[in-house]
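What follows is a short report on a single structure.
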Amino acid sequence: MSQTDSLPRRRANAGRHSLSGTLERVLPRLVVAPSLAVALFFVYGYMLWTFVLSLTNSGMLPQYDFVGFEQYARLFANQRWNVAATNLVVFGGLFIVICLFLGLMLAILLDQRIRQEGALRTIYLYPMALSLIVTGVVWRWILNPGLGIQSLVRGWGFEDFTFDWLVNPDMAIYALVIAAVWQASGFVMALFLAGLRSIDDSLFKAAALDGASLPKVYWRIVIPCLRPVVFSAVMILSHIAIKSFDLVMALTGGGPGYATDLPATFMYAHTFTRGQIGLGSASAIMMLCGVLAILVPYLYSELRGSKHG
């Protein structure tokens, strides 16, 4: 075959290779494009729309007569919102701290290679498999003064025993904490246990040779190594606390009165039952700001760590 005959063939082969290379580069983008478009529209698009509505005087239906940040001023002047924000601080703080403590203690217990570890791990993790509605209903029965713990103990003869947190406006928020901790502490335990199992056993052996006691090893060596796990757990638990809605509605309904209102229940009540879409949208944006206040530092630390790594 002459050189002039092989030249068109080489060009055709080069064209086919170029086409296949272009297809390899473009095909993944084409596959991802529909889901990306849906996410941009239904997630970020609705976030933007909610922010636009928060700048309007929308009532039962959306209106586009812009009033600036008037809805935010109304929000912070609203006594019920102030109660909801305070409840979030109390509920979120106790929920995160207790879950971290219990999760770490349970993880350390299981890390000792005790018998029936698999069964215990399943028992601790089982509440996380339940929906928040189920958790709320079950704990509403348990904490009901006429049916639950108070009734049971009084039936044993302790007539003066009182455990009425569910109907006590000053204590009802702590009933929410009990139910939320019961459900989430097993998940935190699983995170910590995975972190503990990733630590090299040589650290424990070296510390034992130096004469360090086991509690001191965990406090001085192990827990500092678990810092990324702690940060991830705090971020997840904070997100759960900020968007808590199902548990509140199933356990207390926001009551007594609005003593257990959280920002999520405030937003739902004003947007869908009181016909104040503008005010409800402003509260939703404030919840989004709370999530971003947790998410942005986490992403920054992750990106900074990967850059220096």
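Chain labels A, B, ... are given in the sequence in which chains occur in the structure tokens; within each chain residues are numbered consecutively from 1, and ligands are likewise numbered from 1 in the order shown.
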
If we count only C-alpha atoms, what is near Ala207 (chain A) at a cut-off of 12 Å, once residues fewer than 3 positions away on the same chain are taken out, given as an mmCIF file with N, CA, C and O atoms, in the first residue's frame?
data_model
loop_
_atom_site.group_PDB
_atom_site.id
_atom_site.type_symbol
_atom_site.label_atom_id
_atom_site.label_comp_id
_atom_site.auth_asym_id
_atom_site.auth_seq_id
_atom_site.Cartn_x
_atom_site.Cartn_y
_atom_site.Cartn_z
ATOM 1 N N ASP A 200 -4.316 3.378 65.830
ATOM 2 C CA ASP A 200 -3.336 2.287 65.878
ATOM 3 C C ASP A 200 -3.186 1.782 67.316
ATOM 4 O O ASP A 200 -3.039 2.559 68.261
ATOM 5 N N ASP A 201 -3.210 0.461 67.478
ATOM 6 C CA ASP A 201 -3.059 -0.145 68.804
ATOM 7 C C ASP A 201 -1.694 0.135 69.424
ATOM 8 O O ASP A 201 -1.529 0.030 70.645
ATOM 9 N N SER A 202 -0.711 0.475 68.584
ATOM 10 C CA SER A 202 0.628 0.741 69.122
ATOM 11 C C SER A 202 0.628 1.946 70.057
ATOM 12 O O SER A 202 1.461 2.034 70.969
ATOM 13 N N LEU A 203 -0.316 2.889 69.863
ATOM 14 C CA LEU A 203 -0.414 4.035 70.774
ATOM 15 C C LEU A 203 -0.769 3.581 72.185
ATOM 16 O O LEU A 203 -0.207 4.069 73.169
ATOM 17 N N PHE A 204 -1.695 2.629 72.295
ATOM 18 C CA PHE A 204 -2.079 2.109 73.607
ATOM 19 C C PHE A 204 -0.911 1.348 74.248
ATOM 20 O O PHE A 204 -0.668 1.471 75.447
ATOM 21 N N ASP A 210 4.748 3.348 79.200
ATOM 22 C CA ASP A 210 5.119 4.561 79.933
ATOM 23 C C ASP A 210 4.406 4.669 81.274
ATOM 24 O O ASP A 210 4.636 5.635 82.019
ATOM 25 N N GLY A 211 3.532 3.721 81.576
ATOM 26 C CA GLY A 211 2.850 3.707 82.865
ATOM 27 C C GLY A 211 1.591 4.553 82.930
ATOM 28 O O GLY A 211 1.079 4.833 84.019
ATOM 29 N N ALA A 212 1.057 4.958 81.775
ATOM 30 C CA ALA A 212 -0.160 5.776 81.777
ATOM 31 C C ALA A 212 -1.381 4.887 82.030
ATOM 32 O O ALA A 212 -1.482 3.787 81.495
ATOM 33 N N SER A 213 -2.298 5.383 82.850
ATOM 34 C CA SER A 213 -3.528 4.653 83.119
ATOM 35 C C SER A 213 -4.457 4.761 81.916
ATOM 36 O O SER A 213 -4.327 5.658 81.080
ATOM 37 N N LEU A 214 -5.430 3.832 81.835
ATOM 38 C CA LEU A 214 -6.333 3.807 80.683
ATOM 39 C C LEU A 214 -7.156 5.092 80.556
ATOM 40 O O LEU A 214 -7.287 5.635 79.453
ATOM 41 N N PRO A 215 -7.731 5.628 81.662
ATOM 42 C CA PRO A 215 -8.456 6.900 81.512
ATOM 43 C C PRO A 215 -7.581 8.028 80.978
ATOM 44 O O PRO A 215 -8.019 8.841 80.170
ATOM 45 N N LYS A 216 -6.311 8.058 81.450
ATOM 46 C CA LYS A 216 -5.414 9.118 80.973
ATOM 47 C C LYS A 216 -5.074 8.921 79.505
ATOM 48 O O LYS A 216 -4.939 9.900 78.757
ATOM 49 N N VAL A 217 -4.968 7.677 79.049
ATOM 50 C CA VAL A 217 -4.686 7.409 77.636
ATOM 51 C C VAL A 217 -5.818 7.937 76.768
ATOM 52 O O VAL A 217 -5.576 8.600 75.749
ATOM 53 N N TYR A 218 -7.059 7.667 77.195
ATOM 54 C CA TYR A 218 -8.200 8.146 76.416
ATOM 55 C C TYR A 218 -8.286 9.673 76.436
ATOM 56 O O TYR A 218 -8.579 10.300 75.417
ATOM 57 N N TRP A 219 -8.017 10.273 77.599
ATOM 58 C CA TRP A 219 -8.165 11.726 77.719
ATOM 59 C C TRP A 219 -7.051 12.475 76.993
ATOM 60 O O TRP A 219 -7.297 13.495 76.350
ATOM 61 N N ARG A 220 -5.809 11.980 77.107
ATOM 62 C CA ARG A 220 -4.667 12.712 76.554
ATOM 63 C C ARG A 220 -4.326 12.323 75.118
ATOM 64 O O ARG A 220 -3.751 13.129 74.390
ATOM 65 N N ILE A 221 -4.669 11.103 74.712
ATOM 66 C CA ILE A 221 -4.232 10.627 73.397
ATOM 67 C C ILE A 221 -5.415 10.356 72.465
ATOM 68 O O ILE A 221 -5.483 10.874 71.350
ATOM 69 N N VAL A 222 -6.359 9.536 72.940
ATOM 70 C CA VAL A 222 -7.415 9.052 72.050
ATOM 71 C C VAL A 222 -8.385 10.159 71.658
ATOM 72 O O VAL A 222 -8.668 10.367 70.473
#

Contacts of Asn87 (chain A) at 9 Å (only C-alpha atoms; same-chain gap of 6+ positions) as a PyMOL selection string: chain A and resi 173+259-263

For the selection you just gave me, I'd like the residues written to a file as a tab-separated table (two decimals), in the first residue's frame, keeping N, CA and C atoms.
chain	number	residue	atom	x	y	z
A	173	ILE	N	-39.48	21.40	77.43
A	173	ILE	CA	-38.37	21.39	76.47
A	173	ILE	C	-37.37	20.30	76.80
A	259	ALA	N	-44.65	26.62	74.53
A	259	ALA	CA	-43.47	26.49	75.39
A	259	ALA	C	-42.37	25.66	74.74
A	260	THR	N	-42.70	24.75	73.81
A	260	THR	CA	-41.69	23.94	73.15
A	260	THR	C	-41.57	24.27	71.66
A	261	ASP	N	-42.00	25.45	71.30
A	261	ASP	CA	-41.82	25.88	69.91
A	261	ASP	C	-40.34	25.92	69.55
A	262	LEU	N	-40.02	25.47	68.35
A	262	LEU	CA	-38.70	25.62	67.77
A	262	LEU	C	-38.86	26.38	66.46
A	263	PRO	N	-37.78	26.92	65.88
A	263	PRO	CA	-37.93	27.68	64.64
A	263	PRO	C	-38.66	26.93	63.53

Fewer than 6 positions away in the same chain doesn't count, so skip those; otherwise give me all residues within 9 Å of Leu102 (chain A), counting only C-alpha atoms, as a list in words.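 Everything that qualifies: Val181, Ser185, Gly186, Val188 and Met189 of chain A.
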
Can you spit out the residues from that selection as an mmCIF file, in the first residue's frame, using C-alpha atoms?
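Written out: again-v9.cif:
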data_model
loop_
_atom_site.group_PDB
_atom_site.id
_atom_site.type_symbol
_atom_site.label_atom_id
_atom_site.label_comp_id
_atom_site.auth_asym_id
_atom_site.auth_seq_id
_atom_site.Cartn_x
_atom_site.Cartn_y
_atom_site.Cartn_z
ATOM 1 C CA VAL A 181 -30.974 11.969 72.845
ATOM 2 C CA SER A 185 -26.904 8.888 70.783
ATOM 3 C CA GLY A 186 -26.526 5.449 69.146
ATOM 4 C CA VAL A 188 -22.981 9.196 67.551
ATOM 5 C CA MET A 189 -21.709 6.031 69.236
#

Within region 138-291 of chain A, find each residue whose DSSP state, derived from the backbone, is alpha helix (DSSP H), and express the selection as JSON, numbers by chain. {"A": [138, 139, 140, 141, 142, 143, 149, 150, 151, 152, 153, 154, 155, 172, 173, 174, 175, 176, 177, 178, 179, 180, 181, 182, 183, 184, 185, 186, 187, 188, 189, 190, 191, 192, 193, 194, 195, 196, 197, 201, 202, 203, 204, 205, 206, 207, 208, 209, 214, 215, 216, 217, 223, 224, 225, 227, 228, 229, 230, 231, 232, 233, 234, 235, 236, 237, 238, 239, 240, 241, 242, 246, 247, 248, 249, 250, 251, 263, 264, 265, 266, 267, 268, 277, 278, 279, 280, 281, 282, 283, 284, 285, 286, 287, 288, 289, 290, 291]}

Quick one: residues within 7 Å of region 144-147 of chain A, only C-alpha atoms, excluding same-chain residues fewer than 5 positions away - as a list of chain:residue names? A:Phe163, A:Asp164, A:Leu166

Mind writing the picked residues with C-alpha atoms as a PDB file, in the first residue's frame?
ATOM      1  CA  PHE A 163     -42.841  13.507  86.699  1.00  0.00           C
ATOM      2  CA  ASP A 164     -45.006  15.873  84.689  1.00  0.00           C
ATOM      3  CA  LEU A 166     -44.649  16.814  79.325  1.00  0.00           C
TER       4      LEU A 166
END

For Trp165 (chain A), which of A:Val234, A:Thr273, A:Leu247, A:Pro256 is the closest residue, counting only C-alpha atoms?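 When distances to Trp165 (chain A) are compared using only C-alpha atoms, the smallest one comes from A:Pro256.
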
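Of the listed residues A:Ile294, A:Val137, A:Val153, A:Ile242, the one whose atoms come nearest to Val90 (chain A) is A:Ile242, with distances taken using only C-alpha atoms.
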
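As for CA of Ala84 (chain A) and CA of Arg274 (chain A), they are spaced 16.6 Å apart.
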
May I have the residues within 12 Å of Ala194 (chain A) as a PyMOL selection string, using only C-alpha atoms and disregarding those fewer than 6 positions away in the same chain? chain A and resi 103-104+107-108+110-111+121+187-188+226+228-230

With N, CA, C and O atoms kept, could you save the residues just selected as a compact mmCIF listing (two decimals), in the first residue's frame?
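result-v8.txt, written as the output of this step:
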# COMPACT_ATOMS: atom_id res chain seq x y z
N GLY A 103 -22.50 9.03 73.48
CA GLY A 103 -21.94 8.32 72.33
C GLY A 103 -20.50 7.93 72.55
O GLY A 103 -20.09 6.81 72.22
N LEU A 104 -19.71 8.83 73.15
CA LEU A 104 -18.31 8.51 73.41
C LEU A 104 -18.18 7.42 74.46
O LEU A 104 -17.36 6.49 74.31
N ALA A 107 -19.14 4.12 72.93
CA ALA A 107 -18.11 3.68 71.98
C ALA A 107 -16.89 3.13 72.72
O ALA A 107 -16.33 2.10 72.32
N ILE A 108 -16.48 3.79 73.80
CA ILE A 108 -15.34 3.30 74.58
C ILE A 108 -15.67 1.95 75.20
O ILE A 108 -14.83 1.04 75.25
N LEU A 110 -17.77 -0.37 74.02
CA LEU A 110 -17.76 -1.39 72.98
C LEU A 110 -16.35 -1.62 72.43
O LEU A 110 -16.06 -2.70 71.91
N ASP A 111 -15.48 -0.63 72.55
CA ASP A 111 -14.11 -0.76 72.04
C ASP A 111 -13.26 -1.69 72.90
O ASP A 111 -12.15 -2.06 72.51
N ARG A 121 -24.38 -3.29 69.95
CA ARG A 121 -24.29 -2.24 68.94
C ARG A 121 -25.62 -2.10 68.20
O ARG A 121 -26.07 -0.99 67.92
N PHE A 187 -26.31 6.68 67.07
CA PHE A 187 -25.64 7.08 65.83
C PHE A 187 -24.29 7.72 66.13
O PHE A 187 -23.29 7.43 65.47
N VAL A 188 -24.24 8.57 67.16
CA VAL A 188 -22.98 9.20 67.55
C VAL A 188 -22.01 8.13 68.05
O VAL A 188 -20.81 8.19 67.79
N LEU A 226 -9.63 11.98 67.98
CA LEU A 226 -11.00 11.91 67.47
C LEU A 226 -11.58 13.28 67.15
O LEU A 226 -12.79 13.40 66.93
N PRO A 228 -11.61 15.20 64.45
CA PRO A 228 -12.45 15.28 63.23
C PRO A 228 -13.81 14.60 63.40
O PRO A 228 -14.82 15.08 62.87
N VAL A 229 -13.85 13.49 64.14
CA VAL A 229 -15.12 12.80 64.38
C VAL A 229 -16.04 13.68 65.22
O VAL A 229 -17.25 13.78 64.97
N VAL A 230 -15.47 14.31 66.25
CA VAL A 230 -16.26 15.20 67.10
C VAL A 230 -16.85 16.34 66.27
O VAL A 230 -18.04 16.68 66.41

Of the residues A:Thr271, A:Ala85, A:Gly155, A:Leu55, which is the one nearest to Gly68 (chain A), using only C-alpha atoms?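 Closest to Gly68 (chain A), using only C-alpha atoms: A:Leu55.
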
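Taking only C-alpha atoms into account, Tyr124 (chain A) lies nearest to A:Gln183 out of the set A:Asn168, A:Gln183, A:Gln150, A:Thr265.
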
Grab the CA of Gln71 (chain A) to CA of Gly59 (chain A) distance for me, in Å with one decimal place.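 Calculated distance between CA of Gln71 (chain A) and CA of Gly59 (chain A) is 11.3 Å.
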
Pick out the residues sitting within 10 Å of Gly290 (chain A), and hand them over as an MDAnalysis selection string; count only C-alpha atoms, and ignore anything fewer than 5 positions along from it in its own chain. chainID A and resid 238:239 242:243 284:285 295
